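Next up, entry-v2.pdb (PDB, C-alpha atoms):
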```
ATOM      1  CA  MET A 102       1.114 -53.823  11.923
ATOM      2  CA  ASP A 103      -1.840 -51.501  11.173
ATOM      3  CA  ARG A 104      -1.051 -47.839  11.156
ATOM      4  CA  GLN A 105      -3.643 -45.228  11.996
ATOM      5  CA  ILE A 106      -3.698 -42.203   9.736
ATOM      6  CA  GLU A 107      -4.407 -39.047  11.663
ATOM      7  CA  LEU A 108      -6.502 -36.505   9.844
ATOM      8  CA  PRO A 109      -6.689 -32.842  10.816
ATOM      9  CA  ILE A 110      -9.622 -31.861  13.020
ATOM     10  CA  GLY A 111     -12.701 -31.332  10.874
ATOM     11  CA  SER A 112     -11.469 -33.614   8.092
ATOM     12  CA  ALA A 113     -14.280 -36.119   8.651
ATOM     13  CA  GLU A 114     -16.869 -33.388   8.158
ATOM     14  CA  ILE A 115     -15.123 -32.141   5.039
ATOM     15  CA  LEU A 116     -14.949 -35.649   3.579
ATOM     16  CA  ALA A 117     -18.609 -36.292   4.454
ATOM     17  CA  ALA A 118     -19.698 -33.036   2.821
ATOM     18  CA  ASP A 119     -17.656 -33.894  -0.278
ATOM     19  CA  GLY A 120     -19.229 -37.358  -0.524
ATOM     20  CA  ILE A 121     -22.719 -35.936  -0.111
ATOM     21  CA  GLN A 122     -22.077 -33.309  -2.784
ATOM     22  CA  ARG A 123     -20.678 -35.875  -5.222
ATOM     23  CA  ALA A 124     -23.718 -38.110  -4.636
ATOM     24  CA  ALA A 125     -26.070 -35.149  -5.167
ATOM     25  CA  ASP A 126     -24.237 -34.154  -8.371
ATOM     26  CA  HIS A 127     -24.541 -37.750  -9.616
ATOM     27  CA  ALA A 128     -28.266 -37.817  -8.789
ATOM     28  CA  ASN A 129     -28.790 -34.513 -10.633
ATOM     29  CA  ALA A 130     -26.854 -35.857 -13.640
ATOM     30  CA  GLU A 131     -29.040 -38.986 -13.737
ATOM     31  CA  VAL A 132     -32.368 -37.229 -13.059
ATOM     32  CA  PHE A 133     -32.526 -33.552 -13.997
ATOM     33  CA  CYS A 134     -32.815 -31.401 -10.833
ATOM     34  CA  TRP A 135     -33.278 -34.447  -8.559
ATOM     35  CA  THR A 136     -32.212 -32.565  -5.420
ATOM     36  CA  ASP A 137     -34.635 -29.725  -6.187
ATOM     37  CA  MET A 138     -37.490 -32.179  -6.707
ATOM     38  CA  ALA A 139     -36.610 -34.167  -3.580
ATOM     39  CA  GLY A 140     -36.365 -30.950  -1.582
ATOM     40  CA  GLY A 141     -39.753 -29.760  -2.826
ATOM     41  CA  VAL A 142     -41.515 -33.023  -2.016
ATOM     42  CA  SER A 143     -39.758 -33.082   1.371
ATOM     43  CA  ARG A 144     -40.997 -29.558   2.140
ATOM     44  CA  LEU A 145     -44.549 -30.684   1.384
ATOM     45  CA  TYR A 146     -44.051 -33.576   3.832
ATOM     46  CA  LEU A 147     -42.833 -31.128   6.475
ATOM     47  CA  ASP A 148     -45.846 -28.866   5.853
ATOM     48  CA  GLY A 149     -48.006 -31.745   7.104
ATOM     49  CA  LEU A 150     -46.127 -31.993  10.402
ATOM     50  CA  GLN A 151     -46.663 -29.932  13.524
ATOM     51  CA  PRO A 152     -43.673 -27.954  14.860
ATOM     52  CA  GLY A 153     -41.787 -30.189  17.265
ATOM     53  CA  ALA A 154     -42.702 -33.376  15.370
ATOM     54  CA  LYS A 155     -39.849 -35.909  15.261
ATOM     55  CA  PHE A 156     -38.995 -37.921  12.168
ATOM     56  CA  THR A 157     -36.108 -39.597  10.372
ATOM     57  CA  ALA A 158     -34.800 -39.306   6.849
ATOM     58  CA  GLN A 159     -36.375 -42.730   6.309
ATOM     59  CA  ASP A 160     -39.776 -41.063   6.760
ATOM     60  CA  ILE A 161     -38.784 -38.479   4.142
ATOM     61  CA  HIS A 162     -37.604 -41.253   1.778
ATOM     62  CA  ARG A 163     -40.866 -43.189   2.127
ATOM     63  CA  ASN A 164     -42.879 -40.040   1.457
ATOM     64  CA  ASN A 165     -40.846 -39.265  -1.653
ATOM     65  CA  ILE A 166     -41.284 -42.839  -2.904
ATOM     66  CA  ALA A 167     -45.049 -42.537  -2.370
ATOM     67  CA  ALA A 168     -44.939 -39.295  -4.379
ATOM     68  CA  LYS A 169     -43.260 -41.259  -7.224
ATOM     69  CA  LEU A 170     -39.962 -39.381  -7.000
ATOM     70  CA  PRO A 171     -37.215 -41.483  -8.599
ATOM     71  CA  ALA A 172     -34.716 -42.905  -6.126
ATOM     72  CA  PRO A 173     -31.252 -41.359  -6.364
ATOM     73  CA  PRO A 174     -28.498 -43.613  -7.737
ATOM     74  CA  ASP A 175     -26.690 -43.223  -4.395
ATOM     75  CA  LYS A 176     -28.596 -42.885  -1.112
ATOM     76  CA  ARG A 177     -25.997 -40.405   0.136
ATOM     77  CA  ALA A 178     -27.710 -37.829  -2.100
ATOM     78  CA  TRP A 179     -30.417 -37.636   0.596
ATOM     79  CA  GLY A 180     -27.802 -35.992   2.796
ATOM     80  CA  ALA A 181     -27.845 -32.965   0.502
ATOM     81  CA  VAL A 182     -31.626 -32.710   0.844
ATOM     82  CA  MET A 183     -31.546 -33.001   4.631
ATOM     83  CA  ARG A 184     -28.693 -30.501   4.936
ATOM     84  CA  ALA A 185     -30.565 -28.003   2.749
ATOM     85  CA  LEU A 186     -33.706 -28.327   4.882
ATOM     86  CA  ALA A 187     -31.618 -27.776   8.014
ATOM     87  CA  LYS A 188     -29.767 -24.827   6.472
ATOM     88  CA  ASP A 189     -33.125 -23.250   5.609
ATOM     89  CA  GLY A 190     -34.138 -23.509   9.277
ATOM     90  CA  LEU A 191     -36.942 -26.021   8.711
ATOM     91  CA  ILE A 192     -35.463 -28.936  10.672
ATOM     92  CA  ARG A 193     -32.759 -29.676  13.239
ATOM     93  CA  SER A 194     -30.920 -32.892  14.039
ATOM     94  CA  ILE A 195     -31.643 -34.108  17.578
ATOM     95  CA  GLY A 196     -29.653 -37.334  17.781
ATOM     96  CA  PHE A 197     -30.028 -40.893  16.627
ATOM     97  CA  VAL A 198     -32.611 -43.680  16.739
ATOM     98  CA  LYS A 199     -32.564 -47.226  15.392
ATOM     99  CA  SER A 200     -33.556 -47.707  11.775
ATOM    100  CA  ASP A 201     -37.091 -49.030  11.373
ATOM    101  CA  SER A 202     -36.372 -50.313   7.867
ATOM    102  CA  PRO A 203     -35.918 -54.099   7.579
ATOM    103  CA  SER A 204     -32.909 -53.522   5.337
ATOM    104  CA  GLY A 205     -31.475 -51.123   7.920
ATOM    105  CA  HIS A 206     -30.998 -53.896  10.460
ATOM    106  CA  GLY A 207     -31.525 -51.467  13.340
ATOM    107  CA  HIS A 208     -28.474 -49.338  12.547
ATOM    108  CA  PRO A 209     -28.507 -45.771  13.917
ATOM    109  CA  VAL A 210     -30.144 -43.082  11.780
ATOM    110  CA  SER A 211     -30.403 -39.372  12.454
ATOM    111  CA  GLN A 212     -33.569 -38.163  14.101
ATOM    112  CA  TRP A 213     -34.828 -34.722  13.175
ATOM    113  CA  VAL A 214     -37.363 -32.286  14.583
ATOM    114  CA  LYS A 215     -39.491 -29.874  12.586
ATOM    115  CA  LEU A 216     -38.888 -26.292  13.657
TER
END
```

Will you turn the file into structure tokens for me?
Amino acid sequence: MDRQIELPIGSAEILAADGIQRAADHANAEVFCWTDMAGGVSRLYLDGLQPGAKFTAQDIHRNNIAAKLPAPPDKRAWGAVMRALAKDGLIRSIGFVKSDSPSGHGHPVSQWVKL
């Protein structure tokens, strides 16, 4: 018989934040200041968008790849970049859309809006 483990309210968010931070720390250990570089290139991408423009993190990833930024060792490190942009008031999450990446198989990804 499978038993469900009940976590306190907010535990999922705490665990997600911990995983994102560990992935960001790993990326920064592999590539010096990776999150700072990814954040800077992402801000340049946002500068090219009009306020109210919608995009996904996949758009940010593609832009960073085009700018020759090394990929992080764990894709969860992108969460730290997106959270920092949101914390700085540059973007806001507005829901989910299907992934447009062939490897994403149409899974839901966060959609963002430029503020």

(message) For a quick check of understanding, using only C-alpha atoms, which of A:Ala158, A:Leu145, A:Val210, A:Ala178 has the smallest distance to Ala130 (chain A)?
(response)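 The closest residue to Ala130 (chain A) is A:Ala178.
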
(request) Mind giving me the straight-line distance from CA of Ser211 (chain A) to CA of Phe156 (chain A) in Å, one decimal? (result)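 If I compute the distance from CA of Ser211 (chain A) to CA of Phe156 (chain A), I get 8.7 Å.
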
(request) Report the residues retrieved by the PyMOL selection byres ((chain A and resi 202) around 12) from the displayed file, expressed as a ChimeraX atom specification. (result) /A:157-160,162-163,198-201,203-210

(message) Quick check, in Å to one decimal: how far apart do CA of Asn164 (chain A) and CA of Ala139 (chain A) lie?
(response) 10.0 Å

(request) Apply the PyMOL selection byres ((chain A and resi 195) around 10) to the file shown and report the selected residues as a ChimeraX atom specification. (result) /A:155-156,192-194,196-198,211-214

(request) Using all atoms listed in the file, determine which residues lie at most 10 Å from Asp126 (chain A), disregarding the query and same-chain residues fewer than 4 positions distant; provide the list as a PyMOL selection string. (result) chain A and resi 120-122+130-132+134-136+178+181

(message) Between CA of Ala168 (chain A) and CA of Arg123 (chain A), what distance in Å does the model show, to one decimal?
(response) 24.5 Å

(request) Have a look at A:Ile161, A:Val182, A:Leu191, A:Leu216 and name the one nearest to Asn129 (chain A); count all atoms listed in the file. (result) A:Val182

(message) Please list as JSON, numbers by chain every residue within 8 Å of Leu150 (chain A), counting all atoms listed in the file and excluding residues in the same chain fewer than 4 positions away.
(response) {"A": [146, 154, 215]}

(request) Can you work out which one of A:Pro171, A:Asp137, A:Asp148, A:Gly111 has the shortest atom-to-atom distance to Met183 (chain A), counting all atoms listed in the file? (result)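 Looking only at the distances to Met183 (chain A), the closest residue turns out to be A:Asp137.
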
(request) Select, from A:Ala125, A:Arg144, A:Pro152, A:Ala167, the residue with the minimum atom-to-atom distance to Trp179 (chain A), counting all atoms listed in the file. (result)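 Result for the nearest residue to Trp179 (chain A): A:Ala125.
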
(message) Considering only C-alpha atoms, can you say which of A:Gly153, A:Ala172, A:Ser112, A:Ala118 comes closest to Met138 (chain A)?
(response)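 Of A:Gly153, A:Ala172, A:Ser112, A:Ala118, the one nearest Met138 (chain A), counting only C-alpha atoms, is A:Ala172.
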